[in-house]
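Here the structure comes first, spelled out in structure tokens, and everything after it is commentary.
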Amino acid sequence: MTAGAPGRAAPSAARRHLREALVAWSFALPFLILFLVFMAGPVLVSFVMSFTDLRLVDIHHPFSVNFVGLDNFARLLGDQKFLKAVANTAFFVIVGIPFTIALGLGAAVGLNQGVVRFRAIFRVGFYLPVVTSIVAVAVVWRLLLSADYGVVNTLLGFVGIKGPDWLHNPATALPSLVVMAAWRNMGFLMVIFLAGLQGIPALLYEAAEIDGASAWQRFTYITLPMLRPTLLFAAVITSIGYLQFFEEPFVMTQGGPLDSTLSVAFYTYNQFGFGNYSYAASMSYSLFLAIVGLTLVQFRFLRSDS
Amino acid sequence: MTRADAIPQRKAAGAAQTATPRGGRRWSLGSVWLHLALIIGLILLVGPFIWMLLGSFKPTPEIRQIPPTWLPANPTVQNYGDLLAKRNFPLYFLNSVIVAFAVTAGNLVFCSMLGYALAKLRFPGKRLIFLLVLGMLMVPGVVTFIPLFVLVSNLGLANTYLGLMLPFLAGPFGVFLMRQFIGELPDELIDAARVDGATEYYIFARIILPLSGPALATLGILTFLASWNSFLWPLVVAGEDHYTLPVALALFSVGQNSTNFGLLLAGAVVVVLPVLLVFLALQRYFTQGIAMTGFK
């Protein structure tokens with residue numbers, strides 16, 4: 001195919017390969033240096049750190065740090081606050097993921113109907129919260145959810161419901177944060193699902209309709225199975241985000257009331273703030289392992305598919 | 001010809017009979033309910049932003065009023081005046097802009113360079129590099145921030161712009177995106193330039209980059225957005241004169257300004273409005289990003 005090339009390359013193919021490799025590495029090097037120093041490196045160091053007793057006071061004296069084996073992890077298992085944070089984070093993921101997926105899927109299926117007018121406006125509007133800062137959104141929602149002058153409780157009041165003090169009640173604070181997260185993220189999943197829905201052949205629906213399948217049957221027997229890879233992708237990408245939820249409790253509740261919204265990421269940040277670096281690192285690494293585990297589960301599901 | 005023609009319409013006779021020009025679609029009962037649900041959804045998703053914008057023009061006592069008002073009774077720009085004059089927000093805005101532009105530029109340059117090498121050049125270590133980058137795609141900031149903080153403080157870069165930017169100048173997502181995109185460009189173009197004696201650097205700068213416009217635009221916008229909204233790292237590393245907007249707003253909202261609602265809403269507007277405008281102007285790039293990473 002490259003008829004002209006051999007003439008030039010004839011002197012030495014080996015030399016040309018070497019040149020190409022050198023050029024390629026010169027393209028790769030700037031990225032790799034930054035990447036290794038500021039990303040891959042810290043991932044490793046974080047791992048090592050979680051087996052030491054590094055604290056704030058040791059930060060400039062790395063040689064005064066001792067290895068303590070699994071002490072930090074053993075301490076985690078006995079730390080009631082950490083266990084509470086794990087439970088909260090698990091709740092956030094286990095309740096938040098299906099909820100967000102249901103909302104995103106509902107919006108996508110709705111918008112995918114042929115009859116919908118002004119589709120672009122709905123799509124942009126539903127996606128809007130996704131691009132905004134969680135901090136800003138959390139500030140707004142903190143006010144919306146306020147017990148007395150909050151808009152949410154005022155609207156509930158119109159239909160005769162006396163809303164609770166959402167963010168100051170241990171029973172409702174965490175669910176409130178879940179709802180807000182779903183509100184913010186459903187648009188992202190909607191876009192992914194819309195792309196997935198486009199990939200389902202219209203022929204399938206036509207055949208099912210001719211056979212007399214109801215809309216609900218078409219949804220459960222065609223849409224859901226055909227969307228399976230998309231749903232798994234959505235579940236994993238969302239759970240990676242949800243496992244790290246941090247801004248919401250930071251702005252809205254500071255982890256309270258009674259630690260009911262304390263997340264693993266927020267507790268990690270708190271311990272870091274107290275100067276307990278290695279202890280915080282062991283927490284963040286546990287979180288990382290949870291994320292890796294979830295991702296592996298995803299790959300298994302996808303592989304068995306193809 | 002179209003599906004709507006082929007399928008018998010089982011619509012209630014009472015439903016509106018006004019057929020649209022193409023396809024013979026009608027406002028059936030089902031589609032009315034569907035639109036109603038979509039409109040309610042739209043109100044729930046966009047409403048809080050409108051309330052935020054309107055609230056930022058209300059004095060705090062009006063925001064705390066029972067029942068709450070919708071439109072400001074006495075519109076005031078006092079909250080914005082406070083942000084500008086007394087709370088250093090122009091500086092925080094500038095910090096956010098500087099960091100976001102630098103991080104975006106870094107990713108455009110470094111990720112497209114490596115993306116080109118991975119897509120079009122043969123060299124030892126290529127597979128390893130790609131796997132490494134791919135493996136780091138999902139590494140959460142909460143895992144790296146502690147060693148990063150130790151490193152950055154030891155370099156004397158805590159509370160500096162460099163300290164804020166460095167960890168984000170070269171991210172794996174950009175490499176993934178650029179490699180996908182450049183990989184689809186025809187090899188013939190590159191071979192032809194090589195035959196003409198062009199160096200790889202020339203080919204990269206004059207052929208690959210100009211053809212990668214859509215990918216660069218997508219990467220640029222997504223990176224800018226991520227940097228603008230990023231929170232944990234700037235919170236950890238920035239002192240008061242290097243706060244970015246989300247950090248300043250978050251610390252306001254939990255600190256002594258926590259009950260100054262007018263100020264908080266105006267601050268939220270300052271954080272949100274620039275990205276909303278960018279998003280509304282350039283929205284096709286946002287969904288392109290999802291398509292371009294090879295995910296369908």
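Ordered as shown in the structure tokens, chains take letters A, B, and onward, while each chain numbers its residues from 1 and ligands are numbered from 1 in the order shown.
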
Note to self: Show me, as a count of residues only, every residue of chain A with an atom at most 7 Å from chain B, counting only C-alpha atoms.
What the structure shows: 46

Item checked: Which of segment 198-262 of chain B DSSP labels helix (DSSP H, G or I), written as a VMD selection string -> chain B and resid 200 to 211 213 to 229 232 to 237 240 to 242 245 to 254 261 to 262

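Atom pair atom CA of Thr261 of chain A / atom CA of Ala85 of chain A has a distance of 7.6 Å (rounded to one decimal).
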